[in-house]
file query-v9.pdb (PDB, C-alpha atoms)
ATOM      1  CA  MET A   4     101.100 111.411 135.966
ATOM      2  CA  ALA A   5     101.886 107.971 134.530
ATOM      3  CA  ALA A   6      98.261 107.620 133.403
ATOM      4  CA  LYS A   7      98.693 110.702 131.191
ATOM      5  CA  ILE A   8     102.039 109.623 129.739
ATOM      6  CA  LEU A   9     101.127 105.998 128.952
ATOM      7  CA  PRO A  10      98.706 106.797 126.075
ATOM      8  CA  VAL A  11     101.292 109.100 124.516
ATOM      9  CA  VAL A  12     103.952 106.395 124.755
ATOM     10  CA  LYS A  13     101.571 103.834 123.224
ATOM     11  CA  PHE A  14     100.754 106.172 120.343
ATOM     12  CA  ALA A  15     104.424 106.991 119.766
ATOM     13  CA  THR A  16     105.307 103.290 119.731
ATOM     14  CA  LYS A  17     102.546 102.449 117.236
ATOM     15  CA  PHE A  18     103.486 105.433 115.061
ATOM     16  CA  THR A  19     107.141 104.389 115.080
ATOM     17  CA  ILE A  20     106.328 100.784 114.135
ATOM     18  CA  ALA A  21     103.971 101.888 111.337
ATOM     19  CA  GLY A  22     106.511 104.406 110.055
ATOM     20  CA  GLY A  23     109.265 101.788 110.118
ATOM     21  CA  ALA A  24     107.104  99.314 108.207
ATOM     22  CA  LEU A  25     106.295 101.954 105.615
ATOM     23  CA  TYR A  26     109.978 102.853 105.282
ATOM     24  CA  VAL A  27     110.985  99.207 104.823
ATOM     25  CA  ALA A  28     108.232  98.682 102.227
ATOM     26  CA  TYR A  29     109.323 101.787 100.311
ATOM     27  CA  ASP A  30     113.030 101.031 100.601
ATOM     28  CA  SER A  31     112.623  97.443  99.394
ATOM     29  CA  GLY A  32     110.606  98.521  96.349
ATOM     30  CA  LEU A  33     107.197  97.176  97.359
ATOM     31  CA  LEU A  34     105.568 100.524  96.648
ATOM     32  CA  GLY A  35     107.004 100.714  93.130
ATOM     33  CA  ASP A  36     105.612  99.431  89.863
ATOM     34  CA  GLY A  37     104.870  95.795  88.968
ATOM     35  CA  LYS A  38     108.391  95.034  87.796
ATOM     36  CA  GLU A  39     109.889  96.187  91.094
ATOM     37  CA  GLY A  40     107.265  94.125  92.935
ATOM     38  CA  SER A  41     108.262  91.029  90.968
ATOM     39  CA  VAL A  42     111.910  91.559  91.875
ATOM     40  CA  VAL A  43     111.071  92.023  95.572
ATOM     41  CA  LEU A  44     108.863  88.933  95.542
ATOM     42  CA  GLY A  45     111.727  86.932  94.028
ATOM     43  CA  ARG A  46     114.100  88.157  96.748
ATOM     44  CA  ALA A  47     111.570  87.277  99.437
ATOM     45  CA  LYS A  48     111.087  83.792  97.988
ATOM     46  CA  ALA A  49     114.850  83.288  98.005
ATOM     47  CA  ALA A  50     115.315  84.546 101.594
ATOM     48  CA  PHE A  51     112.329  82.897 103.263
ATOM     49  CA  PRO A  52     113.218  79.162 103.044
ATOM     50  CA  PRO A  53     116.696  79.510 104.615
ATOM     51  CA  ALA A  54     115.245  81.558 107.467
ATOM     52  CA  VAL A  55     112.528  78.960 108.110
ATOM     53  CA  GLU A  56     115.077  76.128 108.046
ATOM     54  CA  GLU A  57     117.241  77.970 110.561
ATOM     55  CA  TRP A  58     114.323  78.435 112.953
ATOM     56  CA  MET A  59     113.210  74.812 112.502
ATOM     57  CA  LYS A  60     116.678  73.641 113.513
ATOM     58  CA  TYR A  61     116.698  76.004 116.471
ATOM     59  CA  PHE A  62     113.312  74.828 117.779
ATOM     60  CA  SER A  63     113.706  71.184 116.618
ATOM     61  CA  PHE A  64     110.473  71.501 114.700
ATOM     62  CA  GLU A  65     109.623  70.218 111.224
ATOM     63  CA  LEU A  66     107.158  71.734 108.772
ATOM     64  CA  PRO A  67     105.643  70.057 105.703
ATOM     65  CA  ALA A  68     107.140  70.962 102.340
ATOM     66  CA  THR A  69     105.805  74.182 100.833
ATOM     67  CA  PRO A  70     104.135  74.027  97.423
ATOM     68  CA  LYS A  71     105.739  75.766  94.460
ATOM     69  CA  ILE A  72     103.789  78.844  93.443
ATOM     70  CA  GLU A  73     104.658  80.726  90.297
ATOM     71  CA  PHE A  74     103.240  84.222  90.605
ATOM     72  CA  SER A  75     104.121  87.388  88.752
ATOM     73  CA  PRO A  76     102.398  90.517  90.084
ATOM     74  CA  LEU A  77     102.891  92.240  86.754
ATOM     75  CA  ASP A  78     101.166  89.462  84.783
ATOM     76  CA  ALA A  79      98.414  89.103  87.374
ATOM     77  CA  TRP A  80      97.683  92.810  87.353
ATOM     78  CA  ASN A  81      97.433  92.875  83.579
ATOM     79  CA  SER A  82      95.143  89.871  83.290
ATOM     80  CA  VAL A  83      93.112  88.728  86.273
ATOM     81  CA  PHE A  84      93.078  91.634  88.704
ATOM     82  CA  HIS A  85      92.501  94.319  86.119
ATOM     83  CA  SER A  86      88.853  93.362  85.675
ATOM     84  CA  GLY A  87      88.480  93.045  89.452
ATOM     85  CA  VAL A  88      89.870  96.532  89.927
ATOM     86  CA  GLN A  89      87.500  97.904  87.308
ATOM     87  CA  LYS A  90      84.533  96.232  89.011
ATOM     88  CA  SER A  91      85.604  97.544  92.421
ATOM     89  CA  ILE A  92      85.996 101.101  91.137
ATOM     90  CA  HIS A  93      82.628 100.869  89.385
ATOM     91  CA  ALA A  94      80.987  99.648  92.605
ATOM     92  CA  LEU A  95      82.520 102.554  94.512
ATOM     93  CA  SER A  96      81.378 105.044  91.884
ATOM     94  CA  VAL A  97      77.738 103.902  92.023
ATOM     95  CA  ALA A  98      77.710 103.388  95.802
ATOM     96  CA  PRO A  99      76.155 106.783  96.692
ATOM     97  CA  SER A 100      73.203 106.325  94.334
ATOM     98  CA  THR A 101      72.783 102.686  95.389
ATOM     99  CA  VAL A 102      72.728 103.648  99.071
ATOM    100  CA  SER A 103      70.225 106.374  98.267
ATOM    101  CA  ASP A 104      67.968 103.888  96.455
ATOM    102  CA  TYR A 105      68.171 101.381  99.310
ATOM    103  CA  THR A 106      67.400 104.135 101.814
ATOM    104  CA  LYS A 107      64.320 105.182  99.830
ATOM    105  CA  GLN A 108      63.169 101.565  99.620
ATOM    106  CA  GLY A 109      63.708 101.100 103.359
ATOM    107  CA  LEU A 110      61.772 104.267 104.233
ATOM    108  CA  GLN A 111      58.922 103.232 101.918
ATOM    109  CA  TYR A 112      58.875  99.808 103.584
ATOM    110  CA  VAL A 113      58.651 101.398 107.041
ATOM    111  CA  LYS A 114      55.894 103.766 105.855
ATOM    112  CA  ASP A 115      53.940 100.815 104.446
ATOM    113  CA  LEU A 116      54.275  98.975 107.753
ATOM    114  CA  THR A 117      52.980 101.921 109.764
ATOM    115  CA  LYS A 118      49.827 102.401 107.626
TER     116      LYS A 118
END
call {"tool": "encode", "arguments": {"input": "query-v9.pdb", "output": "structure tokens"}}
result
Amino acid sequence: MAAKILPVVKFATKFTIAGGALYVAYDSGLLGDGKEGSVVLGRAKAAFPPAVEEWMKYFSFELPATPKIEFSPLDAWNSVFHSGVQKSIHALSVAPSTVSDYTKQGLQYVKDLTK
């Protein structure tokens, strides 16, 4: 009986964790537009160092200083990633014909080997 219940419990636990993570991401604004993402990133940057310091004191452990990183998701999306997104979408759009061409070439290669 326990062998039948255990997989259901595992699935329910994983589903609950994934649902909770999705809820937290949505509630904090991570799934919004670029401006909301910038605000959330700023809040995370402000909250992370005090939490790390607290844990370092608790465990008597010291980490090296973290580098300063200035990153704006909105600016990055508009400049650098935009071309990367276009290239990725283009690659996905031509993928079926590319796979078809490679399959034809592979079959021709096998036919040539068997002659």
call {"tool": "atom_distance", "arguments": {"input": "query-v9.pdb", "atom1": "CA of Gly37 in chain A", "atom2": "CA of Ala50 in chain A"}}
result
19.9 Å
call {"tool": "atom_distance", "arguments": {"input": "query-v9.pdb", "atom1": "CA of Leu95 in chain A", "atom2": "CA of Asp36 in chain A"}}
result
23.8 Å
call {"tool": "axis_aligned_box", "arguments": {"input": "query-v9.pdb", "around": "range 19-33 of chain A", "padding_each_side": "4 Å", "output": "AutoDock Vina command-line options"}}
result
--center_x 108.5 --center_y 100.8 --center_z 105.7 --size_x 17.1 --size_y 15.2 --size_z 26.7
call {"tool": "build_atoms", "arguments": {"input": "query-v9.pdb", "residues": "range 28-46 of chain A", "atoms": "N, CA, C and O atoms", "output": "tab-separated table (two decimals), in the frame of the given file"}}
result
chain	number	residue	atom	x	y	z
A	28	ALA	N	108.97	98.99	103.46
A	28	ALA	CA	108.23	98.68	102.23
A	28	ALA	C	108.69	99.58	101.08
A	28	ALA	O	108.90	99.12	99.96
A	29	TYR	N	108.87	100.86	101.35
A	29	TYR	CA	109.32	101.79	100.31
A	29	TYR	C	110.76	101.50	99.90
A	29	TYR	O	111.09	101.47	98.71
A	30	ASP	N	111.61	101.26	100.87
A	30	ASP	CA	113.03	101.03	100.60
A	30	ASP	C	113.26	99.73	99.82
A	30	ASP	O	114.16	99.65	98.99
A	31	SER	N	112.43	98.72	100.08
A	31	SER	CA	112.62	97.44	99.39
A	31	SER	C	112.00	97.44	98.01
A	31	SER	O	112.23	96.52	97.23
A	32	GLY	N	111.19	98.43	97.68
A	32	GLY	CA	110.61	98.52	96.35
A	32	GLY	C	109.19	98.01	96.26
A	32	GLY	O	108.64	97.89	95.17
A	33	LEU	N	108.56	97.69	97.39
A	33	LEU	CA	107.20	97.18	97.36
A	33	LEU	C	106.19	98.21	96.88
A	33	LEU	O	105.13	97.86	96.38
A	34	LEU	N	106.50	99.48	97.04
A	34	LEU	CA	105.57	100.52	96.65
A	34	LEU	C	105.84	101.03	95.24
A	34	LEU	O	105.27	102.02	94.82
A	35	GLY	N	106.68	100.33	94.50
A	35	GLY	CA	107.00	100.71	93.13
A	35	GLY	C	106.03	100.09	92.14
A	35	GLY	O	104.93	99.67	92.49
A	36	ASP	N	106.46	100.01	90.89
A	36	ASP	CA	105.61	99.43	89.86
A	36	ASP	C	105.65	97.90	89.92
A	36	ASP	O	106.26	97.30	90.80
A	37	GLY	N	104.98	97.25	88.98
A	37	GLY	CA	104.87	95.80	88.97
A	37	GLY	C	106.19	95.09	88.79
A	37	GLY	O	106.42	94.02	89.36
A	38	LYS	N	107.09	95.67	88.00
A	38	LYS	CA	108.39	95.03	87.80
A	38	LYS	C	109.20	95.02	89.08
A	38	LYS	O	109.83	94.02	89.41
A	39	GLU	N	109.18	96.14	89.82
A	39	GLU	CA	109.89	96.19	91.09
A	39	GLU	C	109.27	95.19	92.07
A	39	GLU	O	109.97	94.54	92.83
A	40	GLY	N	107.95	95.08	92.06
A	40	GLY	CA	107.26	94.12	92.94
A	40	GLY	C	107.67	92.70	92.63
A	40	GLY	O	107.84	91.88	93.54
A	41	SER	N	107.83	92.38	91.35
A	41	SER	CA	108.26	91.03	90.97
A	41	SER	C	109.67	90.74	91.49
A	41	SER	O	109.95	89.64	91.97
A	42	VAL	N	110.54	91.74	91.39
A	42	VAL	CA	111.91	91.56	91.88
A	42	VAL	C	111.91	91.35	93.39
A	42	VAL	O	112.59	90.47	93.91
A	43	VAL	N	111.13	92.15	94.11
A	43	VAL	CA	111.07	92.02	95.57
A	43	VAL	C	110.48	90.68	95.97
A	43	VAL	O	110.96	90.02	96.90
A	44	LEU	N	109.46	90.24	95.25
A	44	LEU	CA	108.86	88.93	95.54
A	44	LEU	C	109.88	87.82	95.32
A	44	LEU	O	109.96	86.87	96.11
A	45	GLY	N	110.68	87.93	94.27
A	45	GLY	CA	111.73	86.93	94.03
A	45	GLY	C	112.76	86.91	95.14
A	45	GLY	O	113.19	85.84	95.58
A	46	ARG	N	113.14	88.10	95.63
A	46	ARG	CA	114.10	88.16	96.75
A	46	ARG	C	113.50	87.55	98.01
A	46	ARG	O	114.18	86.86	98.76
